[in-house]
Amino acid sequence: FVNRIKRYRKLVGSLNFISSDPFFKNRFLYYRIVDAFRSAKKSIYIMNPYFIPDRRISRVLFLAVSRGVEVKVLLPDKLDLPVIETASNSILDKFLEHGVRIFKYKGVFSHGKVAIVDEDWGTFGSFNFDNLSIKYNHEANIVTTDTKCVGELKNIFLNSLENSMEIKHEDWKKRSFVQKVREFFVAPIRGFL
């Protein structure tokens, strides 16, 4: 019985429930994610359906790539909200330019919200990489440093990558004129999505 309690305490100690709410000083989850990305040494893996990060997260990811960190972002091929899909697509060119590798998942719409840093930090929960989650919504995630849990999250990510197609920058530049026009008109409202 005592051993079970010790194992439970050890597990709970490495699993933290962290939330964010719309008030500026209470964005605990957001800042925890930014700090984890800043400290990345080898890899950052993100799986999220709504990927329209703010300037701070974008800059942190670009800096990570510039210092040799492998950054991979896995998005659904088709979203349930066309405006969000267009807004997300409108930023991909900039991310590809900076060396972030973008993948589109070909299977059933995935609503997974996961981030993994190196082999020792992971998070999953309700947080989307968009301004609604960052500035306006109440969000909550589990943040863990438990290597077994992080390993499971990484396996989920890597298994999903097997059913995905990488978007190459040169191919992305050749997308249709109509798609580029849609992205142009949605870009001004990205900060509210």
# chains A, B, ... in the order shown; residues from 1 in each chain; ligands from 1

$ residues_around --residues "Pro22 in chain A" --least-positions-apart "3" --cutoff "8 Å" --atoms "only C-alpha atoms" --output "number ranges by chain"
A: 26-27, 134-138

$ residues_around --residues "range 76-78 of chain A" --least-positions-apart "2" --cutoff "12 Å" --atoms "only C-alpha atoms" --output "PyMOL selection string"
chain A and resi 46-51+73-74+80-86+88-89+102-113+160-161+163-167

$ write_last_selection --atoms "N, CA, C and O atoms" --output "short mmCIF file (atom, residue, chain, number, x, y, z; two decimals), in the first residue's frame"
data_model
loop_
_atom_site.label_atom_id
_atom_site.label_comp_id
_atom_site.auth_asym_id
_atom_site.auth_seq_id
_atom_site.Cartn_x
_atom_site.Cartn_y
_atom_site.Cartn_z
N ILE A 46 4.12 19.80 -32.50
CA ILE A 46 2.81 20.37 -32.19
C ILE A 46 1.76 19.68 -33.05
O ILE A 46 1.91 19.61 -34.27
N MET A 47 0.70 19.20 -32.41
CA MET A 47 -0.45 18.67 -33.13
C MET A 47 -1.65 19.47 -32.64
O MET A 47 -1.99 19.43 -31.45
N ASN A 48 -2.28 20.24 -33.56
CA ASN A 48 -3.36 21.12 -33.16
C ASN A 48 -4.25 21.43 -34.35
O ASN A 48 -3.73 21.73 -35.42
N PRO A 49 -5.56 21.37 -34.19
CA PRO A 49 -6.42 21.63 -35.34
C PRO A 49 -6.49 23.11 -35.71
O PRO A 49 -6.64 23.45 -36.88
N TYR A 50 -6.39 23.99 -34.72
CA TYR A 50 -6.56 25.43 -34.98
C TYR A 50 -5.22 26.12 -34.72
O TYR A 50 -4.94 26.53 -33.59
N PHE A 51 -4.42 26.26 -35.76
CA PHE A 51 -3.06 26.76 -35.62
C PHE A 51 -2.96 28.15 -36.24
O PHE A 51 -2.74 28.31 -37.45
N VAL A 73 4.89 20.72 -37.17
CA VAL A 73 3.51 21.06 -36.83
C VAL A 73 2.60 20.18 -37.65
O VAL A 73 2.72 20.12 -38.88
N LEU A 74 1.69 19.48 -36.98
CA LEU A 74 0.75 18.56 -37.64
C LEU A 74 -0.65 19.15 -37.55
O LEU A 74 -1.17 19.40 -36.47
N ASP A 80 -13.18 21.78 -39.75
CA ASP A 80 -14.63 21.89 -39.68
C ASP A 80 -15.10 23.33 -39.81
O ASP A 80 -16.29 23.58 -40.01
N LEU A 81 -14.21 24.29 -39.72
CA LEU A 81 -14.54 25.71 -39.83
C LEU A 81 -13.72 26.34 -40.97
O LEU A 81 -12.53 26.62 -40.80
N PRO A 82 -14.33 26.56 -42.14
CA PRO A 82 -13.58 27.06 -43.30
C PRO A 82 -12.83 28.37 -43.07
O PRO A 82 -11.73 28.55 -43.58
N VAL A 83 -13.41 29.30 -42.31
CA VAL A 83 -12.74 30.58 -42.05
C VAL A 83 -11.45 30.36 -41.27
O VAL A 83 -10.41 30.97 -41.56
N ILE A 84 -11.50 29.46 -40.28
CA ILE A 84 -10.31 29.15 -39.48
C ILE A 84 -9.27 28.46 -40.35
O ILE A 84 -8.07 28.74 -40.26
N GLU A 85 -9.71 27.56 -41.21
CA GLU A 85 -8.78 26.87 -42.11
C GLU A 85 -8.07 27.87 -43.02
O GLU A 85 -6.86 27.81 -43.19
N THR A 86 -8.81 28.81 -43.57
CA THR A 86 -8.22 29.84 -44.44
C THR A 86 -7.24 30.71 -43.66
O THR A 86 -6.15 31.02 -44.14
N SER A 88 -5.59 29.89 -40.94
CA SER A 88 -4.43 29.06 -40.63
C SER A 88 -3.53 28.92 -41.86
O SER A 88 -2.31 29.05 -41.77
N ASN A 89 -4.14 28.67 -43.00
CA ASN A 89 -3.36 28.55 -44.24
C ASN A 89 -2.63 29.84 -44.59
O ASN A 89 -1.56 29.81 -45.19
N ILE A 102 5.71 21.62 -41.81
CA ILE A 102 4.25 21.55 -41.66
C ILE A 102 3.76 20.27 -42.33
O ILE A 102 4.15 19.95 -43.46
N PHE A 103 2.90 19.56 -41.63
CA PHE A 103 2.31 18.32 -42.14
C PHE A 103 0.79 18.43 -42.07
O PHE A 103 0.25 19.00 -41.11
N LYS A 104 0.11 17.87 -43.06
CA LYS A 104 -1.36 17.82 -43.06
C LYS A 104 -1.78 16.36 -42.90
O LYS A 104 -1.38 15.50 -43.69
N TYR A 105 -2.61 16.12 -41.88
CA TYR A 105 -3.08 14.78 -41.56
C TYR A 105 -4.20 14.39 -42.52
O TYR A 105 -5.16 15.13 -42.70
N LYS A 106 -4.06 13.22 -43.15
CA LYS A 106 -4.98 12.79 -44.19
C LYS A 106 -6.16 11.97 -43.70
O LYS A 106 -7.07 11.69 -44.45
N GLY A 107 -6.15 11.56 -42.46
CA GLY A 107 -7.22 10.70 -41.96
C GLY A 107 -8.44 11.48 -41.54
O GLY A 107 -8.68 12.62 -41.97
N VAL A 108 -9.23 10.88 -40.66
CA VAL A 108 -10.40 11.53 -40.10
C VAL A 108 -9.96 12.77 -39.34
O VAL A 108 -8.88 12.81 -38.76
N PHE A 109 -10.81 13.81 -39.33
CA PHE A 109 -10.49 15.05 -38.65
C PHE A 109 -9.99 14.79 -37.23
O PHE A 109 -10.67 14.15 -36.44
N SER A 110 -8.80 15.27 -36.95
CA SER A 110 -8.19 15.06 -35.63
C SER A 110 -8.36 16.32 -34.79
O SER A 110 -8.01 17.41 -35.24
N HIS A 111 -8.87 16.14 -33.60
CA HIS A 111 -9.06 17.28 -32.70
C HIS A 111 -8.02 17.27 -31.58
O HIS A 111 -8.15 17.95 -30.57
N GLY A 112 -6.94 16.48 -31.78
CA GLY A 112 -5.89 16.38 -30.77
C GLY A 112 -5.14 17.68 -30.59
O GLY A 112 -4.82 18.37 -31.56
N LYS A 113 -4.87 18.01 -29.33
CA LYS A 113 -4.16 19.25 -28.99
C LYS A 113 -2.98 18.87 -28.11
O LYS A 113 -3.11 18.75 -26.90
N SER A 160 0.65 9.56 -36.08
CA SER A 160 -0.18 10.43 -36.92
C SER A 160 0.59 10.96 -38.11
O SER A 160 0.03 11.15 -39.19
N LEU A 161 1.89 11.20 -37.92
CA LEU A 161 2.73 11.68 -39.03
C LEU A 161 2.78 10.68 -40.18
O LEU A 161 2.90 11.07 -41.34
N ASN A 163 0.46 9.04 -41.43
CA ASN A 163 -0.70 9.20 -42.29
C ASN A 163 -0.85 10.66 -42.72
O ASN A 163 -1.96 11.16 -42.88
N SER A 164 0.28 11.34 -42.87
CA SER A 164 0.28 12.76 -43.19
C SER A 164 1.16 13.04 -44.40
O SER A 164 1.99 12.22 -44.79
N MET A 165 0.95 14.21 -44.98
CA MET A 165 1.76 14.64 -46.10
C MET A 165 2.44 15.95 -45.72
O MET A 165 1.78 16.88 -45.23
N GLU A 166 3.75 16.00 -45.93
CA GLU A 166 4.48 17.22 -45.62
C GLU A 166 4.23 18.25 -46.71
O GLU A 166 4.22 17.94 -47.90
N ILE A 167 4.04 19.49 -46.29
CA ILE A 167 3.89 20.59 -47.23
C ILE A 167 5.26 21.19 -47.48
O ILE A 167 5.91 21.66 -46.54
#

$ atom_distance --atom1 "CA of Phe28 in chain A" --atom2 "CA of Ile52 in chain A"
19.1 Å

$ closest_atom_pairs --of "range 72-166 of chain A" --to "range 31-40 of chain A" --cutoff "10 Å" --atoms "only C-alpha atoms" --output "tab-separated table"
residue	atom	partner	partner_atom	distance
A:Ala115	CA	A:Ile33	CA	8.4
A:Ile116	CA	A:Ala36	CA	9.0
A:Val117	CA	A:Ala40	CA	6.0
A:Asp118	CA	A:Ala40	CA	6.2
A:Glu119	CA	A:Ala40	CA	9.7
A:Asp120	CA	A:Ala40	CA	9.8
A:Trp121	CA	A:Ala36	CA	7.5
A:Gly122	CA	A:Ala36	CA	8.9
A:Thr123	CA	A:Ile33	CA	8.3
A:Ile134	CA	A:Tyr31	CA	9.8
A:Val143	CA	A:Arg32	CA	8.7

$ residues_around --residues "Arg101 in chain A" --least-positions-apart "2" --cutoff "10 Å" --atoms "only C-alpha atoms" --output "count of residues only"
18
